[in-house]
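Structure below is input.pdb: PDB, C-alpha atoms, pLDDT in the B column.
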MODEL        1
ATOM      1  CA  MET D   1      22.322-266.827 -77.304  1.00 71.00           C
ATOM      2  CA  THR D   2      21.888-263.394 -75.795  1.00 82.00           C
ATOM      3  CA  ASP D   3      24.577-260.776 -75.494  1.00 90.00           C
ATOM      4  CA  GLN D   4      24.224-261.086 -71.707  1.00 93.00           C
ATOM      5  CA  ARG D   5      25.078-264.785 -71.947  1.00 93.00           C
ATOM      6  CA  LEU D   6      28.111-264.060 -74.136  1.00 91.00           C
ATOM      7  CA  VAL D   7      29.416-261.455 -71.695  1.00 92.00           C
ATOM      8  CA  SER D   8      28.855-263.908 -68.846  1.00 94.00           C
ATOM      9  CA  LEU D   9      30.812-266.599 -70.707  1.00 93.00           C
ATOM     10  CA  LEU D  10      33.685-264.188 -71.401  1.00 93.00           C
ATOM     11  CA  LYS D  11      33.847-263.264 -67.715  1.00 93.00           C
ATOM     12  CA  GLN D  12      33.695-266.929 -66.674  1.00 94.00           C
ATOM     13  CA  ALA D  13      36.484-267.812 -69.115  1.00 92.00           C
ATOM     14  CA  SER D  14      38.628-264.993 -67.723  1.00 90.00           C
ATOM     15  CA  THR D  15      37.995-266.056 -64.126  1.00 92.00           C
ATOM     16  CA  PHE D  16      38.672-269.738 -64.820  1.00 92.00           C
ATOM     17  CA  LEU D  17      41.824-268.891 -66.770  1.00 90.00           C
ATOM     18  CA  ASP D  18      43.097-266.819 -63.837  1.00 89.00           C
ATOM     19  CA  GLN D  19      42.336-269.662 -61.411  1.00 90.00           C
ATOM     20  CA  TYR D  20      43.954-272.218 -63.722  1.00 90.00           C
ATOM     21  CA  GLU D  21      47.126-270.167 -64.016  1.00 89.00           C
ATOM     22  CA  LYS D  22      47.368-269.499 -60.269  1.00 90.00           C
ATOM     23  CA  ASN D  23      47.078-273.235 -59.568  1.00 90.00           C
ATOM     24  CA  ALA D  24      49.472-274.225 -62.340  1.00 87.00           C
ATOM     25  CA  LEU D  25      52.106-271.732 -61.143  1.00 87.00           C
ATOM     26  CA  LYS D  26      51.979-272.716 -57.453  1.00 88.00           C
ATOM     27  CA  GLY D  27      55.492-273.278 -56.213  1.00 85.00           C
ATOM     28  CA  SER D  28      57.109-271.409 -59.119  1.00 86.00           C
ATOM     29  CA  GLY D  29      57.268-268.130 -57.218  1.00 88.00           C
ATOM     30  CA  LEU D  30      55.694-266.316 -60.189  1.00 90.00           C
ATOM     31  CA  THR D  31      52.289-264.700 -60.458  1.00 90.00           C
ATOM     32  CA  PRO D  32      50.278-265.258 -63.649  1.00 88.00           C
ATOM     33  CA  SER D  33      51.093-261.716 -64.828  1.00 89.00           C
ATOM     34  CA  GLN D  34      54.799-262.203 -64.130  1.00 91.00           C
ATOM     35  CA  ASN D  35      54.765-265.545 -65.930  1.00 89.00           C
ATOM     36  CA  HIS D  36      52.938-263.993 -68.881  1.00 88.00           C
ATOM     37  CA  MET D  37      55.452-261.147 -69.055  1.00 91.00           C
ATOM     38  CA  LEU D  38      58.456-263.464 -68.742  1.00 90.00           C
ATOM     39  CA  SER D  39      57.056-265.754 -71.447  1.00 89.00           C
ATOM     40  CA  TYR D  40      56.564-262.752 -73.722  1.00 89.00           C
ATOM     41  CA  LEU D  41      60.087-261.431 -73.065  1.00 89.00           C
ATOM     42  CA  LEU D  42      61.582-264.840 -73.809  1.00 88.00           C
ATOM     43  CA  THR D  43      60.104-264.668 -77.331  1.00 86.00           C
ATOM     44  CA  ILE D  44      62.023-261.488 -78.265  1.00 80.00           C
ATOM     45  CA  PRO D  45      65.233-262.370 -80.114  1.00 65.00           C
ATOM     46  CA  ASP D  46      67.508-259.494 -79.078  1.00 68.00           C
ATOM     47  CA  GLN D  47      66.653-259.782 -75.358  1.00 64.00           C
ATOM     48  CA  THR D  48      66.688-256.003 -74.780  1.00 72.00           C
ATOM     49  CA  PHE D  49      63.436-254.151 -74.201  1.00 74.00           C
ATOM     50  CA  ASN D  50      61.838-251.044 -72.853  1.00 77.00           C
ATOM     51  CA  ALA D  51      58.404-250.739 -71.274  1.00 81.00           C
ATOM     52  CA  THR D  52      56.994-248.551 -74.057  1.00 81.00           C
ATOM     53  CA  GLU D  53      57.798-251.200 -76.666  1.00 81.00           C
ATOM     54  CA  ILE D  54      56.261-253.902 -74.487  1.00 85.00           C
ATOM     55  CA  ARG D  55      53.118-251.805 -73.946  1.00 85.00           C
ATOM     56  CA  MET D  56      52.681-251.071 -77.625  1.00 83.00           C
ATOM     57  CA  ASP D  57      53.314-254.677 -78.647  1.00 83.00           C
ATOM     58  CA  THR D  58      51.142-256.400 -76.035  1.00 84.00           C
ATOM     59  CA  GLY D  59      48.362-253.937 -75.244  1.00 81.00           C
ATOM     60  CA  ILE D  60      48.975-254.454 -71.536  1.00 86.00           C
ATOM     61  CA  SER D  61      48.556-251.345 -69.379  1.00 87.00           C
ATOM     62  CA  LYS D  62      51.579-249.405 -68.181  1.00 86.00           C
ATOM     63  CA  ALA D  63      50.714-250.163 -64.540  1.00 90.00           C
ATOM     64  CA  ALA D  64      50.424-253.911 -65.159  1.00 91.00           C
ATOM     65  CA  ILE D  65      53.713-253.967 -67.078  1.00 91.00           C
ATOM     66  CA  SER D  66      55.441-251.968 -64.363  1.00 89.00           C
ATOM     67  CA  GLY D  67      54.205-254.327 -61.645  1.00 92.00           C
ATOM     68  CA  ALA D  68      55.185-257.474 -63.541  1.00 93.00           C
ATOM     69  CA  LEU D  69      58.625-256.089 -64.418  1.00 92.00           C
ATOM     70  CA  LYS D  70      59.251-254.975 -60.833  1.00 92.00           C
ATOM     71  CA  GLY D  71      58.363-258.446 -59.530  1.00 94.00           C
ATOM     72  CA  LEU D  72      60.546-260.163 -62.135  1.00 94.00           C
ATOM     73  CA  LYS D  73      63.473-257.893 -61.256  1.00 94.00           C
ATOM     74  CA  GLN D  74      63.072-258.608 -57.525  1.00 95.00           C
ATOM     75  CA  LYS D  75      63.057-262.337 -58.260  1.00 94.00           C
ATOM     76  CA  GLY D  76      66.243-262.125 -60.309  1.00 95.00           C
ATOM     77  CA  TYR D  77      64.814-262.590 -63.823  1.00 93.00           C
ATOM     78  CA  LEU D  78      65.576-259.084 -65.126  1.00 91.00           C
ATOM     79  CA  ASN D  79      68.136-256.320 -65.018  1.00 89.00           C
ATOM     80  CA  ILE D  80      66.720-252.826 -65.432  1.00 85.00           C
ATOM     81  CA  ARG D  81      69.039-249.920 -66.189  1.00 83.00           C
ATOM     82  CA  SER D  82      68.554-246.338 -67.295  1.00 78.00           C
ATOM     83  CA  PHE D  83      69.440-245.470 -70.877  1.00 75.00           C
ATOM     84  CA  PRO D  84      72.679-243.468 -70.928  1.00 78.00           C
ATOM     85  CA  THR D  85      71.068-240.775 -73.102  1.00 78.00           C
ATOM     86  CA  ASP D  86      67.775-240.528 -71.179  1.00 73.00           C
ATOM     87  CA  GLU D  87      67.529-241.600 -67.539  1.00 71.00           C
ATOM     88  CA  ARG D  88      63.720-241.603 -67.717  1.00 69.00           C
ATOM     89  CA  LYS D  89      63.813-244.577 -70.103  1.00 73.00           C
ATOM     90  CA  LYS D  90      64.748-248.012 -68.852  1.00 76.00           C
ATOM     91  CA  GLN D  91      66.626-250.763 -70.655  1.00 82.00           C
ATOM     92  CA  ILE D  92      65.384-254.200 -69.635  1.00 84.00           C
ATOM     93  CA  THR D  93      67.493-257.322 -70.149  1.00 87.00           C
ATOM     94  CA  LEU D  94      66.931-260.923 -69.158  1.00 89.00           C
ATOM     95  CA  THR D  95      69.273-262.538 -66.657  1.00 90.00           C
ATOM     96  CA  SER D  96      70.742-266.013 -66.979  1.00 89.00           C
ATOM     97  CA  LYS D  97      68.043-267.156 -64.513  1.00 92.00           C
ATOM     98  CA  ALA D  98      65.374-266.015 -66.984  1.00 90.00           C
ATOM     99  CA  LEU D  99      67.093-267.734 -69.889  1.00 87.00           C
ATOM    100  CA  ARG D 100      67.291-270.962 -67.870  1.00 87.00           C
ATOM    101  CA  ALA D 101      63.522-270.670 -67.270  1.00 86.00           C
ATOM    102  CA  ARG D 102      62.827-270.694 -71.026  1.00 85.00           C
ATOM    103  CA  GLU D 103      62.338-274.469 -71.252  1.00 84.00           C
ATOM    104  CA  SER D 104      59.904-274.650 -68.336  1.00 84.00           C
ATOM    105  CA  ALA D 105      58.005-271.612 -69.683  1.00 84.00           C
ATOM    106  CA  GLU D 106      57.656-273.285 -73.073  1.00 86.00           C
ATOM    107  CA  GLU D 107      56.551-276.540 -71.444  1.00 86.00           C
ATOM    108  CA  TYR D 108      53.963-274.662 -69.351  1.00 86.00           C
ATOM    109  CA  GLN D 109      52.593-272.900 -72.445  1.00 87.00           C
ATOM    110  CA  LYS D 110      52.351-276.199 -74.333  1.00 90.00           C
ATOM    111  CA  LEU D 111      50.545-277.932 -71.460  1.00 90.00           C
ATOM    112  CA  ARG D 112      48.215-274.958 -70.986  1.00 89.00           C
ATOM    113  CA  ALA D 113      47.309-274.930 -74.683  1.00 92.00           C
ATOM    114  CA  GLU D 114      46.655-278.688 -74.659  1.00 93.00           C
ATOM    115  CA  ARG D 115      44.323-278.352 -71.693  1.00 90.00           C
ATOM    116  CA  LEU D 116      42.530-275.168 -72.705  1.00 91.00           C
ATOM    117  CA  PHE D 117      42.067-275.929 -76.384  1.00 95.00           C
ATOM    118  CA  HIS D 118      41.427-279.678 -76.219  1.00 95.00           C
ATOM    119  CA  GLY D 119      38.814-280.670 -78.790  1.00 96.00           C
ATOM    120  CA  ILE D 120      38.835-277.291 -80.534  1.00 97.00           C
ATOM    121  CA  SER D 121      39.911-277.231 -84.168  1.00 96.00           C
ATOM    122  CA  ARG D 122      42.482-274.842 -85.628  1.00 96.00           C
ATOM    123  CA  GLU D 123      39.669-273.196 -87.615  1.00 97.00           C
ATOM    124  CA  GLU D 124      37.644-272.636 -84.449  1.00 97.00           C
ATOM    125  CA  LEU D 125      40.683-271.189 -82.676  1.00 96.00           C
ATOM    126  CA  ASP D 126      41.348-268.858 -85.618  1.00 96.00           C
ATOM    127  CA  ALA D 127      37.710-267.737 -85.547  1.00 96.00           C
ATOM    128  CA  LEU D 128      37.876-267.212 -81.775  1.00 95.00           C
ATOM    129  CA  GLU D 129      41.027-265.102 -82.143  1.00 94.00           C
ATOM    130  CA  SER D 130      39.366-263.005 -84.831  1.00 95.00           C
ATOM    131  CA  ILE D 131      36.226-262.489 -82.756  1.00 94.00           C
ATOM    132  CA  LEU D 132      38.121-261.600 -79.573  1.00 91.00           C
ATOM    133  CA  THR D 133      40.297-259.168 -81.531  1.00 90.00           C
ATOM    134  CA  LYS D 134      37.148-257.474 -82.849  1.00 92.00           C
ATOM    135  CA  ILE D 135      35.627-257.318 -79.354  1.00 90.00           C
ATOM    136  CA  ILE D 136      38.793-255.713 -77.989  1.00 86.00           C
ATOM    137  CA  GLY D 137      38.797-253.250 -80.896  1.00 88.00           C
ATOM    138  CA  ASN D 138      35.169-252.345 -80.200  1.00 89.00           C
ATOM    139  CA  ILE D 139      35.920-251.742 -76.523  1.00 86.00           C
ATOM    140  CA  LYS D 140      38.927-249.588 -77.425  1.00 82.00           C
ATOM    141  CA  GLN D 141      36.788-247.506 -79.776  1.00 86.00           C
ATOM    142  CA  GLU D 142      34.183-247.020 -77.085  1.00 80.00           C
ATOM    143  CA  ASN D 143      36.737-246.082 -74.437  1.00 70.00           C
ATOM    144  CA  PRO D 144      39.645-244.158 -76.015  1.00 63.00           C
ATOM    145  CA  ARG D 145      41.403-243.741 -72.652  1.00 59.00           C
ATOM    146  CA  ARG D 146      41.849-247.523 -72.479  1.00 49.00           C
ATOM    147  CA  ASN D 147      43.567-247.324 -75.859  1.00 48.00           C
ATOM    148  CA  SER D 148      45.821-244.389 -74.984  1.00 49.00           C
ATOM    149  CA  TYR D 149      48.931-246.512 -74.511  1.00 45.00           C
ATOM    150  CA  ASP D 150      48.866-247.463 -78.198  1.00 46.00           C
ATOM    151  CA  THR D 151      49.504-243.941 -79.448  1.00 41.00           C
ATOM    152  CA  TYR D 152      50.999-241.942 -76.591  1.00 39.00           C
ATOM    153  CA  THR D 153      54.418-242.425 -75.144  1.00 38.00           C
ATOM    154  CA  ASP D 154      55.735-239.941 -72.652  1.00 39.00           C
ATOM    155  CA  GLY D 155      59.281-241.293 -72.530  1.00 40.00           C
ATOM    156  CA  THR D 156      59.165-241.941 -68.805  1.00 40.00           C
ATOM    157  CA  ASP D 157      59.621-245.636 -69.093  1.00 41.00           C
TER     158      ASP D 157
ENDMDL
END

Could you express the structure from this file as structure tokens?
Amino acid sequence: MTDQRLVSLLKQASTFLDQYEKNALKGSGLTPSQNHMLSYLLTIPDQTFNATEIRMDTGISKAAISGALKGLKQKGYLNIRSFPTDERKKQITLTSKALRARESAEEYQKLRAERLFHGISREELDALESILTKIIGNIKQENPRRNSYDTYTDGTD
């Protein structure tokens, strides 16, 4: 298999995953990025976050996080307040609406995993995770700007 074919398969997988998630979320009022962010936030035990922590933990860009958080706030899933000691930083907490959505989010994730990973062994999934992690690391090395959110925080979020 050529590297061109592998890149093509990665792009196809990304496109099909986006299409799958858009179809699966129809009627929920959430975009795939909002659903992904809400699912992530529901896994944090203390339920209080800031965007810098989210960015460093997930590797998602500041702009994507900001957009997802803004949409979730508008839809009543989040409260966002300034820190008393630094108004540039924001404290993000889940609302009762978000906590009620936990069960459906977990059910969606389970169904998605069953569909996407059907017929793939745990060993194959572990190998895929390792390979994708290496690919992402290689891209980050090649393009340091893309990796800037891992090491630089300006305190504005």

Each residue of range 103-135 of chain D lying at most 9 Å from range 32-49 of chain D should get a row with its shortest atom-to-atom pair and the distance in Å to one decimal, counting only C-alpha atoms; could you produce that, ordered by chain and increasing number, as a tab-separated table?
residue	atom	partner	partner_atom	distance
D:Ala105	CA	D:Ser39	CA	6.2
D:Glu106	CA	D:Ser39	CA	7.7
D:Gln109	CA	D:Ser39	CA	8.5

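The spacing separating CA of Phe117 in chain D from CA of Tyr20 in chain D amounts to 13.3 Å.
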
Quick one: which residues end up in the PyMOL selection byres ((chain D and resi 92) around 8) for this structure, as number ranges by chain?
D: 48-51, 78-81, 90-91, 93-94

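Across the model, the gap from CA of Leu30 in chain D to CA of Arg112 in chain D is 15.7 Å.
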
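Shortest atom-to-atom contact with Lys89 in chain D among D:Ser130, D:Thr15, D:Ser104, D:Thr52: D:Thr52, counting only C-alpha atoms.
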
As an exercise, work out the distance from CA of Glu53 in chain D to CA of Lys97 in chain D in Å and give it to one decimal place.
22.5 Å

Please report, as lines of an AutoDock Vina configuration file, the centre and edge lengths in Å to one decimal of an axis-aligned box covering all listed atoms of range 7-19 of chain D with 6 Å per side.
center_x = 36.0
center_y = -265.6
center_z = -66.6
size_x = 26.2
size_y = 20.3
size_z = 22.3
